[in-house]
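Peer 1: Here you go, entry13.txt (compact mmCIF, C-alpha atoms):
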# COMPACT_ATOMS: atom_id res chain seq x y z
CA MET M 1 43.73 -37.03 3.86
CA SER M 2 43.83 -33.92 6.03
CA LYS M 3 41.65 -33.92 9.15
CA ARG M 4 38.01 -33.07 8.50
CA ALA M 5 36.48 -30.14 10.39
CA TYR M 6 33.77 -30.69 12.98
CA ASN M 7 31.14 -29.14 10.74
CA PHE M 8 28.10 -27.71 12.57
CA ASN M 9 27.12 -25.27 9.81
CA ALA M 10 23.42 -24.55 9.44
CA GLY M 11 23.48 -24.75 5.64
CA PRO M 12 25.16 -25.39 3.30
CA ALA M 13 25.96 -28.09 5.78
CA ALA M 14 27.93 -31.30 6.25
CA LEU M 15 27.66 -33.96 3.57
CA PRO M 16 28.43 -37.63 4.22
CA LEU M 17 32.13 -38.32 3.65
CA GLU M 18 31.28 -41.52 1.73
CA VAL M 19 29.13 -39.48 -0.67
CA LEU M 20 31.89 -36.92 -1.25
CA GLU M 21 34.41 -39.68 -1.92
CA ARG M 22 32.11 -41.46 -4.39
CA ALA M 23 31.42 -38.21 -6.20
CA GLN M 24 35.16 -37.51 -6.27
CA ALA M 25 35.82 -40.90 -7.89
CA GLU M 26 33.23 -40.20 -10.62
CA PHE M 27 33.85 -36.48 -10.94
CA VAL M 28 35.96 -36.39 -14.12
CA ASP M 29 34.61 -39.49 -15.83
CA TYR M 30 31.07 -40.55 -14.97
CA GLN M 31 30.74 -44.32 -15.48
CA GLY M 32 33.02 -44.50 -18.50
CA THR M 33 31.33 -41.75 -20.52
CA GLY M 34 34.51 -39.67 -20.71
CA MET M 35 32.61 -36.73 -19.22
CA SER M 36 31.64 -35.36 -15.84
CA ILE M 37 27.92 -35.50 -15.06
CA MET M 38 28.14 -31.68 -15.03
CA GLU M 39 29.15 -31.61 -18.69
CA MET M 40 26.31 -33.74 -20.02
CA SER M 41 23.15 -32.70 -21.78
CA HIS M 42 20.21 -32.80 -19.42
CA ARG M 43 18.26 -34.24 -22.35
CA GLY M 44 20.61 -37.23 -22.70
CA ALA M 45 19.78 -40.74 -21.51
CA VAL M 46 22.67 -40.93 -19.01
CA TYR M 47 21.68 -37.81 -17.08
CA GLU M 48 17.98 -38.59 -17.33
CA GLY M 49 18.67 -41.99 -15.74
CA VAL M 50 20.24 -40.29 -12.70
CA HIS M 51 17.41 -37.73 -12.54
CA ASN M 52 14.68 -40.39 -12.55
CA GLU M 53 16.58 -42.60 -10.12
CA ALA M 54 16.81 -39.75 -7.58
CA SER M 55 13.09 -39.13 -7.90
CA SER M 56 12.04 -42.78 -7.44
CA ARG M 57 14.57 -43.30 -4.63
CA LEU M 58 13.08 -40.37 -2.69
CA LEU M 59 9.52 -41.65 -3.01
CA ASN M 60 10.71 -45.14 -2.13
CA LEU M 61 12.22 -43.89 1.15
CA LEU M 62 8.78 -42.45 2.01
CA GLY M 63 6.96 -45.72 1.30
CA ASN M 64 5.92 -44.97 -2.30
CA PRO M 65 2.56 -43.34 -1.49
CA GLU M 66 0.21 -43.39 -4.46
CA GLY M 67 -0.37 -40.25 -6.51
CA TYR M 68 2.72 -38.24 -5.49
CA LYS M 69 5.32 -36.71 -7.75
CA VAL M 70 8.81 -35.29 -7.19
CA LEU M 71 9.96 -32.03 -8.74
CA PHE M 72 13.54 -30.74 -8.77
CA LEU M 73 13.38 -26.95 -8.86
CA GLN M 74 15.68 -24.00 -8.26
CA GLY M 75 15.56 -20.85 -6.15
CA GLY M 76 15.55 -22.47 -2.71
CA ALA M 77 12.71 -22.45 -0.21
CA SER M 78 12.55 -18.67 -0.69
CA THR M 79 11.12 -19.15 -4.19
CA GLN M 80 8.62 -21.69 -2.83
CA PHE M 81 7.41 -19.04 -0.35
CA ALA M 82 6.06 -17.19 -3.40
CA MET M 83 5.37 -20.10 -5.74
CA ALA M 84 2.94 -21.90 -3.42
CA PRO M 85 0.58 -18.92 -3.01
CA MET M 86 0.94 -17.97 -6.68
CA ASN M 87 -0.29 -21.44 -7.66
CA PHE M 88 -2.86 -22.11 -4.93
CA LEU M 89 -4.04 -18.84 -3.37
CA THR M 90 -6.72 -18.04 -5.90
CA GLU M 91 -9.56 -15.49 -5.95
CA GLY M 92 -11.98 -15.86 -3.03
CA LYS M 93 -9.61 -18.07 -1.03
CA THR M 94 -7.46 -17.35 2.00
CA ALA M 95 -4.25 -19.10 3.05
CA GLY M 96 -3.59 -20.24 6.62
CA TYR M 97 -0.10 -19.97 8.07
CA VAL M 98 1.42 -21.32 11.26
CA LYS M 99 3.74 -18.61 12.59
CA SER M 100 6.49 -20.53 14.35
CA GLY M 101 9.63 -18.44 13.83
CA SER M 102 11.93 -16.68 11.38
CA TRP M 103 11.36 -18.87 8.34
CA ALA M 104 7.59 -19.15 8.80
CA SER M 105 7.47 -15.33 9.03
CA LYS M 106 9.32 -15.00 5.72
CA ALA M 107 6.84 -17.37 4.05
CA ILE M 108 3.92 -15.32 5.43
CA LYS M 109 5.43 -12.07 4.16
CA GLU M 110 5.61 -13.46 0.61
CA ALA M 111 2.07 -14.89 0.69
CA LYS M 112 0.66 -11.52 1.75
CA LEU M 113 1.97 -10.06 -1.53
CA ILE M 114 -0.15 -12.56 -3.44
CA GLY M 115 -3.48 -12.75 -1.61
CA ASN M 116 -5.42 -13.03 1.65
CA THR M 117 -3.76 -14.80 4.54
CA PHE M 118 -4.54 -15.53 8.18
CA ILE M 119 -2.47 -16.81 11.10
CA ALA M 120 -3.89 -20.19 12.13
CA ALA M 121 -1.54 -20.58 15.12
CA SER M 122 1.43 -18.65 16.48
CA SER M 123 4.10 -18.84 19.15
CA GLU M 124 5.22 -15.24 18.70
CA GLU M 125 4.15 -14.35 22.25
CA ASN M 126 6.94 -16.50 23.71
CA LYS M 127 9.51 -15.34 21.13
CA TYR M 128 9.08 -18.62 19.20
CA MET M 129 10.74 -20.66 21.92
CA SER M 130 8.14 -23.40 21.39
CA MET M 131 6.12 -24.66 18.45
CA PRO M 132 2.50 -23.44 18.33
CA ASP M 133 -0.24 -25.87 19.33
CA VAL M 134 -1.78 -27.17 16.10
CA SER M 135 -3.82 -30.03 17.57
CA ASN M 136 -7.25 -28.37 17.34
CA LEU M 137 -7.11 -25.97 14.44
CA VAL M 138 -10.36 -24.60 13.06
CA LEU M 139 -9.86 -23.53 9.45
CA PRO M 140 -12.41 -21.47 7.47
CA GLU M 141 -14.24 -23.16 4.57
CA ASN M 142 -12.44 -21.07 1.97
CA THR M 143 -8.92 -21.97 3.19
CA ALA M 144 -6.73 -22.62 0.14
CA TYR M 145 -4.12 -24.47 2.20
CA LEU M 146 -2.43 -24.51 5.60
CA HIS M 147 1.33 -23.83 5.57
CA LEU M 148 3.77 -24.77 8.31
CA THR M 149 7.53 -24.88 8.81
CA SER M 150 8.43 -28.29 10.24
CA ASN M 151 11.71 -27.18 11.81
CA GLU M 152 12.81 -23.64 12.61
CA THR M 153 16.57 -23.64 11.93
CA ILE M 154 17.26 -20.31 13.65
CA GLU M 155 15.31 -20.77 16.90
CA GLY M 156 15.92 -24.53 17.16
CA THR M 157 12.32 -25.78 17.35
CA GLN M 158 10.66 -28.69 15.56
CA PHE M 159 7.15 -30.10 15.13
CA HIS M 160 7.01 -33.65 16.44
CA GLU M 161 3.40 -34.19 15.28
CA PHE M 162 1.62 -32.79 12.22
CA PRO M 163 -2.02 -31.66 12.15
CA ASP M 164 -4.76 -33.42 10.21
CA THR M 165 -6.22 -30.79 7.88
CA GLY M 166 -8.86 -32.99 6.26
CA ASN M 167 -9.49 -31.95 2.67
CA ILE M 168 -7.53 -28.69 3.02
CA PRO M 169 -4.02 -29.25 1.60
CA LEU M 170 -1.23 -29.13 4.18
CA ILE M 171 1.95 -27.54 2.81
CA ALA M 172 5.24 -27.81 4.68
CA ASP M 173 8.63 -26.20 4.38
CA MET M 174 10.84 -29.10 5.50
CA SER M 175 14.13 -27.57 4.39
CA SER M 176 16.00 -28.27 7.62
CA ASP M 177 14.60 -31.60 8.76
CA ILE M 178 13.41 -33.53 5.70
CA LEU M 179 14.39 -37.22 5.92
CA CYS M 180 15.66 -36.91 9.49
CA ARG M 181 12.91 -39.41 10.43
CA PRO M 182 10.04 -41.27 8.76
CA PHE M 183 6.90 -39.20 8.13
CA ASP M 184 3.54 -39.83 6.50
CA LEU M 185 3.64 -37.98 3.19
CA THR M 186 -0.07 -38.64 2.64
CA LYS M 187 -0.88 -36.06 5.34
CA PHE M 188 0.54 -33.39 3.03
CA GLY M 189 -0.56 -31.82 -0.21
CA LEU M 190 2.93 -30.50 -0.85
CA VAL M 191 6.30 -30.57 0.88
CA TYR M 192 9.33 -28.55 -0.21
CA ALA M 193 12.94 -28.41 0.93
CA GLY M 194 16.13 -26.68 -0.07
CA ALA M 195 18.66 -29.51 -0.41
CA GLN M 196 21.58 -27.91 1.40
CA LYS M 197 20.91 -29.25 4.90
CA ASN M 198 19.85 -32.91 4.66
CA LEU M 199 19.62 -33.78 0.97
CA GLY M 200 22.72 -32.59 -0.84
CA PRO M 201 24.47 -29.40 -1.93
CA SER M 202 22.80 -26.03 -2.46
CA GLY M 203 21.27 -25.33 -5.86
CA VAL M 204 18.34 -27.73 -5.99
CA THR M 205 15.01 -27.56 -4.18
CA VAL M 206 12.97 -30.73 -3.85
CA VAL M 207 9.17 -30.60 -4.05
CA LEU M 208 6.99 -33.61 -3.22
CA ALA M 209 3.34 -33.11 -4.06
CA ARG M 210 0.01 -34.73 -4.78
CA GLU M 211 -0.29 -34.96 -8.51
CA GLU M 212 -3.68 -33.25 -8.66
CA LEU M 213 -2.18 -30.15 -7.00
CA LEU M 214 0.42 -29.97 -9.76
CA GLN M 215 -2.18 -29.65 -12.51
CA ASN M 216 -3.91 -26.54 -13.83
CA SER M 217 -1.77 -23.78 -12.33
CA PRO M 218 -3.32 -20.33 -12.94
CA SER M 219 -2.58 -19.31 -16.52
CA HIS M 220 -1.63 -15.72 -15.66
CA ILE M 221 1.51 -16.56 -13.68
CA PRO M 222 4.93 -16.80 -15.37
CA THR M 223 5.59 -20.17 -17.02
CA VAL M 224 8.62 -21.03 -14.91
CA LEU M 225 6.70 -20.34 -11.66
CA ARG M 226 3.85 -22.73 -12.50
CA TYR M 227 3.98 -26.16 -10.89
CA ASP M 228 2.23 -27.72 -13.90
CA THR M 229 5.07 -26.59 -16.19
CA HIS M 230 7.59 -28.60 -14.19
CA ALA M 231 5.28 -31.56 -13.57
CA GLU M 232 4.51 -31.94 -17.29
CA ASN M 233 8.21 -31.72 -18.20
CA ASN M 234 9.61 -34.05 -15.52
CA SER M 235 11.50 -31.03 -14.05
CA LEU M 236 13.38 -30.67 -17.34
CA TYR M 237 11.52 -27.61 -18.66
CA ASN M 238 14.71 -25.59 -18.23
CA THR M 239 18.23 -26.84 -17.47
CA PRO M 240 18.11 -28.46 -14.04
CA PRO M 241 20.99 -28.17 -11.53
CA SER M 242 22.21 -31.54 -12.73
CA PHE M 243 25.23 -31.98 -10.47
CA ALA M 244 23.20 -31.07 -7.38
CA ILE M 245 20.54 -33.64 -8.37
CA TYR M 246 23.24 -36.28 -8.92
CA MET M 247 24.48 -35.49 -5.40
CA VAL M 248 20.95 -35.77 -3.97
CA ASN M 249 20.74 -39.25 -5.52
CA GLN M 250 24.03 -40.17 -3.84
CA VAL M 251 22.83 -38.86 -0.46
CA LEU M 252 19.57 -40.83 -0.79
CA LYS M 253 21.62 -43.98 -1.52
CA TRP M 254 23.64 -43.28 1.63
CA ILE M 255 20.43 -42.90 3.67
CA GLU M 256 19.32 -46.34 2.45
CA GLU M 257 22.66 -47.73 3.64
CA GLN M 258 22.10 -46.24 7.12
CA GLY M 259 18.95 -48.35 7.54
CA SER M 260 16.67 -45.93 5.67
CA LEU M 261 14.66 -43.37 7.65
CA GLU M 262 14.21 -45.59 10.72
CA GLY M 263 17.99 -46.03 10.95
CA ILE M 264 18.61 -42.32 10.41
CA GLU M 265 16.06 -41.36 13.07
CA LYS M 266 17.70 -43.65 15.64
CA LYS M 267 21.12 -42.09 14.97
CA ASN M 268 19.70 -38.56 15.09
CA ARG M 269 18.03 -39.21 18.45
CA GLU M 270 21.28 -40.55 19.91
CA LYS M 271 23.18 -37.48 18.68
CA ALA M 272 20.57 -35.00 19.93
CA ASN M 273 20.24 -36.73 23.32
CA LEU M 274 23.99 -36.65 23.84
CA LEU M 275 24.13 -32.91 23.23
CA TYR M 276 20.93 -31.93 25.08
CA ASN M 277 22.01 -34.01 28.09
CA ALA M 278 25.35 -32.20 28.17
CA ILE M 279 23.47 -28.88 28.22
CA ASP M 280 20.92 -29.97 30.83
CA GLU M 281 23.48 -31.54 33.13
CA SER M 282 25.85 -28.54 33.17
CA SER M 283 24.20 -27.06 36.33
CA GLY M 284 23.05 -24.02 34.36
CA PHE M 285 26.43 -23.19 32.81
CA PHE M 286 24.91 -23.98 29.40
CA ARG M 287 21.19 -23.22 28.94
CA GLY M 288 18.97 -24.65 26.24
CA CYS M 289 16.95 -21.90 24.53
CA VAL M 290 13.67 -23.61 23.66
CA ASP M 291 10.95 -25.47 25.56
CA ALA M 292 11.95 -29.12 25.97
CA ALA M 293 8.82 -30.40 24.18
CA SER M 294 9.67 -28.41 21.03
CA ARG M 295 13.40 -29.11 20.86
CA SER M 296 14.77 -29.81 17.41
CA THR M 297 16.86 -32.88 16.69
CA MET M 298 18.54 -30.91 13.89
CA ASN M 299 19.42 -27.47 15.32
CA VAL M 300 20.42 -27.31 18.98
CA THR M 301 20.39 -23.75 20.31
CA PHE M 302 21.91 -22.80 23.67
CA ARG M 303 23.33 -19.89 25.65
CA LEU M 304 26.03 -19.17 28.18
CA GLY M 305 25.95 -16.72 31.11
CA SER M 306 27.09 -13.72 29.07
CA GLU M 307 27.75 -12.66 25.49
CA GLU M 308 31.42 -12.25 26.39
CA LEU M 309 31.59 -15.89 27.43
CA GLU M 310 29.81 -16.93 24.23
CA LYS M 311 32.38 -15.04 22.14
CA GLN M 312 35.13 -16.79 24.07
CA PHE M 313 33.45 -20.15 23.45
CA ILE M 314 33.33 -19.48 19.69
CA LYS M 315 36.96 -18.35 19.63
CA GLU M 316 38.26 -21.39 21.52
CA SER M 317 36.04 -23.83 19.63
CA GLU M 318 37.32 -22.57 16.26
CA LYS M 319 40.90 -23.21 17.41
CA GLU M 320 39.90 -26.82 18.12
CA GLY M 321 38.47 -27.34 14.63
CA PHE M 322 34.78 -26.68 15.31
CA VAL M 323 32.95 -24.78 12.58
CA GLY M 324 29.57 -23.02 12.57
CA LEU M 325 28.70 -22.87 16.29
CA LYS M 326 27.73 -19.21 16.31
CA GLY M 327 23.97 -18.60 16.62
CA HIS M 328 22.15 -16.82 13.79
CA ARG M 329 22.84 -13.09 13.86
CA SER M 330 19.12 -12.37 14.46
CA VAL M 331 19.03 -14.26 17.78
CA GLY M 332 22.66 -14.57 18.93
CA GLY M 333 23.77 -17.33 21.27
CA LEU M 334 25.14 -20.64 20.09
CA ARG M 335 23.80 -23.26 17.71
CA ALA M 336 24.98 -26.69 16.66
CA SER M 337 23.31 -27.96 13.50
CA ILE M 338 23.50 -31.74 13.70
CA TYR M 339 21.93 -32.85 10.43
CA ASN M 340 21.89 -36.44 9.14
CA ALA M 341 25.46 -36.27 7.80
CA VAL M 342 27.06 -34.93 11.01
CA PRO M 343 28.68 -38.00 12.60
CA TYR M 344 28.17 -39.01 16.23
CA GLU M 345 31.93 -38.53 16.76
CA SER M 346 31.57 -34.80 16.02
CA ILE M 347 28.91 -34.41 18.69
CA LYS M 348 31.01 -36.45 21.13
CA ALA M 349 33.97 -34.14 20.43
CA LEU M 350 31.75 -31.09 20.99
CA VAL M 351 30.41 -32.42 24.29
CA ASP M 352 34.00 -33.09 25.47
CA PHE M 353 35.00 -29.57 24.44
CA MET M 354 32.00 -28.10 26.32
CA SER M 355 32.99 -30.00 29.45
CA GLN M 356 36.57 -28.67 29.22
CA PHE M 357 35.31 -25.15 28.57
CA GLN M 358 33.10 -25.31 31.67
CA LYS M 359 36.06 -26.48 33.80
CA SER M 360 38.19 -23.54 32.59
CA HIS M 361 35.47 -20.85 32.75
CA GLY M 362 32.89 -22.16 35.24
Hey, can you dump this file as structure tokens for me?
Peer 2:
Amino acid sequence: MSKRAYNFNAGPAALPLEVLERAQAEFVDYQGTGMSIMEMSHRGAVYEGVHNEASSRLLNLLGNPEGYKVLFLQGGASTQFAMAPMNFLTEGKTAGYVKSGSWASKAIKEAKLIGNTFIAASSEENKYMSMPDVSNLVLPENTAYLHLTSNETIEGTQFHEFPDTGNIPLIADMSSDILCRPFDLTKFGLVYAGAQKNLGPSGVTVVLAREELLQNSPSHIPTVLRYDTHAENNSLYNTPPSFAIYMVNQVLKWIEEQGSLEGIEKKNREKANLLYNAIDESSGFFRGCVDAASRSTMNVTFRLGSEELEKQFIKESEKEGFVGLKGHRSVGGLRASIYNAVPYESIKALVDFMSQFQKSHG
């Protein structure tokens, strides 16, 4: 096999090699059916078995909390930005949002089109270089829900603790850090995540929600944008992205093999520590962008002394087989996305490259 790239793409992102190889082996003929999983009816027993297995495997990884359901939807987190307020932001209610960066801001923009919103906490004043303090939030009585973004992919910040919102549902966009560590699902009313960073390929969006929140969506919103439609139909109301869901099931299997979420978290910490230490110990040649307490274990953002030097870094890194190290165009700089499937060896190779680069250009 040809050499694999050192893939630091922010999403679609690296998938585990073992998962790709298993999918390759089953690609043309899925378990003796004479068909690819992509060619099967989503109403057939074979596909439905995979669909249900992915759903129960996901809940199992989170400790099987009672009263939660998994939905497999389409349209990415961007559709959830609108779908959540359409379903929950009803007359006389207001929705609270934590403004923590680029993705949180997009969610807020969509909610404002639907109804009344307020900013419960924000870190805009320091250019989102830390996560807002959510430890002592005071939410009005008529708050429909509180929404937060658990990990800001662009800035490179992450919540390490989640607030207790009492009987007000907590909704989280976990697109870029879902299943990077164990978390208590029972703190949340609803969690959603585009699959293309930690769960599988692009094309499917996973929603985990309390069953009572998935009932009685407002009758005036389009059928396909109502959570109850998908909950009542086991996410088979319309044709699901069946191959993407099959891949999610394979990735979840792989996570189990890594020691489940505890095992994954340990590996992610080792990877992140290796890279952050290289940045911190470079005598200022490399500079981490965000406050240490808010650093993400998934998206490591850093800068060099000048934009010229950063361009040089990108150019030389690409020659050495590194992919995706350019920061998001809205913030510039450099970013290494080190999701679950990015192996420790890739981070080790990056750290070695950084050391060489500093010797040549320091």
Peer 1: Leaving out segment 321-334 of chain M and any residue of its chain fewer than 5 positions from it, which residues lie within 8 Å of it when counting all atoms listed in the file, given as a list in words?
Peer 2: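 These residues fall inside the cut-off: Ala5, Tyr6, Asn7, Phe8, Asn9, Ala10, Ile154, Glu155, Thr301, Phe302, Arg303, Leu304, Glu307, Glu310, Ile314 and Leu350 of chain M.
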Peer 1: For segment 112-123 of chain M, find every residue with an atom within 12 Å (counting all atoms listed in the file), except residues of its own chain fewer than 5 positions away, and show them as a PDB file with C-alpha atoms, keeping the file's coordinate frame.
Peer 2:
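Just written: selection32.pdb:
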ATOM      1  CA  PHE M  81       7.410 -19.040  -0.350  1.00  0.00           C
ATOM      2  CA  ALA M  82       6.060 -17.190  -3.400  1.00  0.00           C
ATOM      3  CA  MET M  83       5.370 -20.100  -5.740  1.00  0.00           C
ATOM      4  CA  ALA M  84       2.940 -21.900  -3.420  1.00  0.00           C
ATOM      5  CA  PRO M  85       0.580 -18.920  -3.010  1.00  0.00           C
ATOM      6  CA  MET M  86       0.940 -17.970  -6.680  1.00  0.00           C
ATOM      7  CA  ASN M  87      -0.290 -21.440  -7.660  1.00  0.00           C
ATOM      8  CA  PHE M  88      -2.860 -22.110  -4.930  1.00  0.00           C
ATOM      9  CA  LEU M  89      -4.040 -18.840  -3.370  1.00  0.00           C
ATOM     10  CA  THR M  90      -6.720 -18.040  -5.900  1.00  0.00           C
ATOM     11  CA  GLU M  91      -9.560 -15.490  -5.950  1.00  0.00           C
ATOM     12  CA  GLY M  92     -11.980 -15.860  -3.030  1.00  0.00           C
ATOM     13  CA  LYS M  93      -9.610 -18.070  -1.030  1.00  0.00           C
ATOM     14  CA  THR M  94      -7.460 -17.350   2.000  1.00  0.00           C
ATOM     15  CA  ALA M  95      -4.250 -19.100   3.050  1.00  0.00           C
ATOM     16  CA  GLY M  96      -3.590 -20.240   6.620  1.00  0.00           C
ATOM     17  CA  TYR M  97      -0.100 -19.970   8.070  1.00  0.00           C
ATOM     18  CA  VAL M  98       1.420 -21.320  11.260  1.00  0.00           C
ATOM     19  CA  LYS M  99       3.740 -18.610  12.590  1.00  0.00           C
ATOM     20  CA  SER M 100       6.490 -20.530  14.350  1.00  0.00           C
ATOM     21  CA  GLY M 101       9.630 -18.440  13.830  1.00  0.00           C
ATOM     22  CA  SER M 102      11.930 -16.680  11.380  1.00  0.00           C
ATOM     23  CA  ALA M 104       7.590 -19.150   8.800  1.00  0.00           C
ATOM     24  CA  SER M 105       7.470 -15.330   9.030  1.00  0.00           C
ATOM     25  CA  LYS M 106       9.320 -15.000   5.720  1.00  0.00           C
ATOM     26  CA  ALA M 107       6.840 -17.370   4.050  1.00  0.00           C
ATOM     27  CA  TYR M 128       9.080 -18.620  19.200  1.00  0.00           C
ATOM     28  CA  MET M 129      10.740 -20.660  21.920  1.00  0.00           C
ATOM     29  CA  SER M 130       8.140 -23.400  21.390  1.00  0.00           C
ATOM     30  CA  MET M 131       6.120 -24.660  18.450  1.00  0.00           C
ATOM     31  CA  PRO M 132       2.500 -23.440  18.330  1.00  0.00           C
ATOM     32  CA  ASP M 133      -0.240 -25.870  19.330  1.00  0.00           C
ATOM     33  CA  VAL M 134      -1.780 -27.170  16.100  1.00  0.00           C
ATOM     34  CA  SER M 135      -3.820 -30.030  17.570  1.00  0.00           C
ATOM     35  CA  ASN M 136      -7.250 -28.370  17.340  1.00  0.00           C
ATOM     36  CA  LEU M 137      -7.110 -25.970  14.440  1.00  0.00           C
ATOM     37  CA  VAL M 138     -10.360 -24.600  13.060  1.00  0.00           C
ATOM     38  CA  LEU M 139      -9.860 -23.530   9.450  1.00  0.00           C
ATOM     39  CA  PRO M 140     -12.410 -21.470   7.470  1.00  0.00           C
ATOM     40  CA  ASN M 142     -12.440 -21.070   1.970  1.00  0.00           C
ATOM     41  CA  THR M 143      -8.920 -21.970   3.190  1.00  0.00           C
ATOM     42  CA  ALA M 144      -6.730 -22.620   0.140  1.00  0.00           C
ATOM     43  CA  TYR M 145      -4.120 -24.470   2.200  1.00  0.00           C
ATOM     44  CA  LEU M 146      -2.430 -24.510   5.600  1.00  0.00           C
ATOM     45  CA  HIS M 147       1.330 -23.830   5.570  1.00  0.00           C
ATOM     46  CA  LEU M 148       3.770 -24.770   8.310  1.00  0.00           C
ATOM     47  CA  THR M 149       7.530 -24.880   8.810  1.00  0.00           C
ATOM     48  CA  GLU M 152      12.810 -23.640  12.610  1.00  0.00           C
ATOM     49  CA  GLU M 155      15.310 -20.770  16.900  1.00  0.00           C
ATOM     50  CA  THR M 157      12.320 -25.780  17.350  1.00  0.00           C
ATOM     51  CA  PRO M 163      -2.020 -31.660  12.150  1.00  0.00           C
ATOM     52  CA  THR M 165      -6.220 -30.790   7.880  1.00  0.00           C
ATOM     53  CA  ILE M 221       1.510 -16.560 -13.680  1.00  0.00           C
ATOM     54  CA  VAL M 290      13.670 -23.610  23.660  1.00  0.00           C
ATOM     55  CA  ASP M 291      10.950 -25.470  25.560  1.00  0.00           C
ATOM     56  CA  SER M 294       9.670 -28.410  21.030  1.00  0.00           C
TER      57      SER M 294
END
Peer 1: Skipping near chain neighbours, those fewer than 6 positions away, what residues fall within 9 Å of Lys197 of chain M using all atoms listed in the file, listed as a PyMOL selection string?
Peer 2: chain M and resi 9-15+175-178+339-341
Peer 1: Please determine an axis-aligned box that encloses all atoms of segment 158-174 of chain M listed in the file, with 6 Å added on each side, and express its centre and edge lengths in Å to one decimal as AutoDock Vina command-line options.
Peer 2:
--center_x 0.7 --center_y -30.2 --center_z 9.0 --size_x 32.3 --size_y 20.0 --size_z 26.8
Peer 1: Measuring between all atoms listed in the file, which one of M:Tyr47, M:Phe27, M:Phe183, M:Phe353 shows the shortest distance to Asn64 of chain M?
Peer 2: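 Residue with the minimum atom-to-atom distance to Asn64 of chain M: M:Phe183.
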Peer 1: Hey, what's within 12 Å of Gly44 of chain M if we count all atoms listed in the file and toss same-chain stuff fewer than 4 positions away? As a list in words, please?
Peer 2: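 Answer for this query is Thr33, Ile37, Glu39, Met40, Glu48, Gly49, Val50, His51, Leu236, Thr239 and Ser242 of chain M.
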Peer 1: Within 7 Å of Ala195 of chain M, counting all atoms listed in the file, which residues show up once you throw out same-chain ones fewer than 3 positions away? Write them as a list in words, please.
Peer 2: Ser175, Asn198, Leu199, Gly200, Pro201, Ser202, Val204, Thr205 and Val206 of chain M
Peer 1: Could you please determine the separation between atom CA of Glu66 of chain M and atom CA of Phe243 of chain M in Å, to one decimal place?
Peer 2: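 Taking atom CA of Glu66 of chain M as the start and atom CA of Phe243 of chain M as the end point, the length is 28.1 Å.
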Peer 1: Using only C-alpha atoms, find the one residue out of M:Val342, M:Val351, M:Ala336, M:Val251 that sits nearest to Arg22 of chain M.
Peer 2: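 When distances to Arg22 of chain M are compared using only C-alpha atoms, the smallest one comes from M:Val251.
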Peer 1: What is the atom CA of Val248 of chain M to atom CA of Thr153 of chain M distance in Å?
Peer 2: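 Spanning atom CA of Val248 of chain M to atom CA of Thr153 of chain M is a straight-line distance of 20.5 Å.
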Peer 1: So which one's closest to Arg269 of chain M, M:Met354, M:Ala209, M:Val224, M:Met298? Using all atoms listed in the file, please.
Peer 2: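 Result for the nearest residue to Arg269 of chain M: M:Met298.
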Peer 1: Which residue, M:Ser306, M:Ser56, M:Gln250, M:Asn151, has the smallest gap to Leu208 of chain M when you use all atoms listed in the file?
Peer 2: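 Counting all atoms listed in the file, the residue closest to Leu208 of chain M is M:Ser56.
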Peer 1: M:Asp184, M:Tyr192, M:Val207, M:Gly362: which is nearest Ala172 of chain M, counting all atoms listed in the file?
Peer 2: M:Tyr192
Peer 1: Take atom CA of Glu124 of chain M and atom CA of Gly288 of chain M and report the distance between them in Å, one decimal.
Peer 2: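 We find that atom CA of Glu124 of chain M and atom CA of Gly288 of chain M lie 18.3 Å from each other.
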Peer 1: Considering only C-alpha atoms, state which residue in the set M:Lys127, M:Ser150, M:Glu211, M:Ala244 is at the smallest distance from Met38 of chain M.
Peer 2: M:Ala244
Peer 1: Would you fill out segment 233-238 of chain M with N, CA, C and O atoms and return it as a PDB file, keeping the file's coordinate frame?
Peer 2:
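This is the output file result_22.pdb:
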ATOM      1  N   ASN M 233       6.898 -31.562 -17.549  1.00  0.00           N
ATOM      2  CA  ASN M 233       8.210 -31.720 -18.200  1.00  0.00           C
ATOM      3  C   ASN M 233       9.219 -32.508 -17.368  1.00  0.00           C
ATOM      4  O   ASN M 233      10.421 -32.446 -17.641  1.00  0.00           O
ATOM      5  N   ASN M 234       8.730 -33.249 -16.363  1.00  0.00           N
ATOM      6  CA  ASN M 234       9.610 -34.050 -15.520  1.00  0.00           C
ATOM      7  C   ASN M 234      10.784 -33.212 -14.966  1.00  0.00           C
ATOM      8  O   ASN M 234      11.931 -33.673 -14.922  1.00  0.00           O
ATOM      9  N   SER M 235      10.498 -31.968 -14.587  1.00  0.00           N
ATOM     10  CA  SER M 235      11.500 -31.030 -14.050  1.00  0.00           C
ATOM     11  C   SER M 235      12.642 -30.750 -15.033  1.00  0.00           C
ATOM     12  O   SER M 235      13.736 -30.362 -14.636  1.00  0.00           O
ATOM     13  N   LEU M 236      12.359 -30.945 -16.322  1.00  0.00           N
ATOM     14  CA  LEU M 236      13.380 -30.670 -17.340  1.00  0.00           C
ATOM     15  C   LEU M 236      12.923 -29.570 -18.293  1.00  0.00           C
ATOM     16  O   LEU M 236      13.384 -29.476 -19.430  1.00  0.00           O
ATOM     17  N   TYR M 237      12.007 -28.717 -17.818  1.00  0.00           N
ATOM     18  CA  TYR M 237      11.520 -27.610 -18.660  1.00  0.00           C
ATOM     19  C   TYR M 237      12.682 -26.681 -19.009  1.00  0.00           C
ATOM     20  O   TYR M 237      12.857 -26.272 -20.148  1.00  0.00           O
ATOM     21  N   ASN M 238      13.467 -26.322 -17.979  1.00  0.00           N
ATOM     22  CA  ASN M 238      14.710 -25.590 -18.230  1.00  0.00           C
ATOM     23  C   ASN M 238      15.848 -26.430 -17.664  1.00  0.00           C
ATOM     24  O   ASN M 238      15.608 -27.459 -17.050  1.00  0.00           O
TER      25      ASN M 238
END
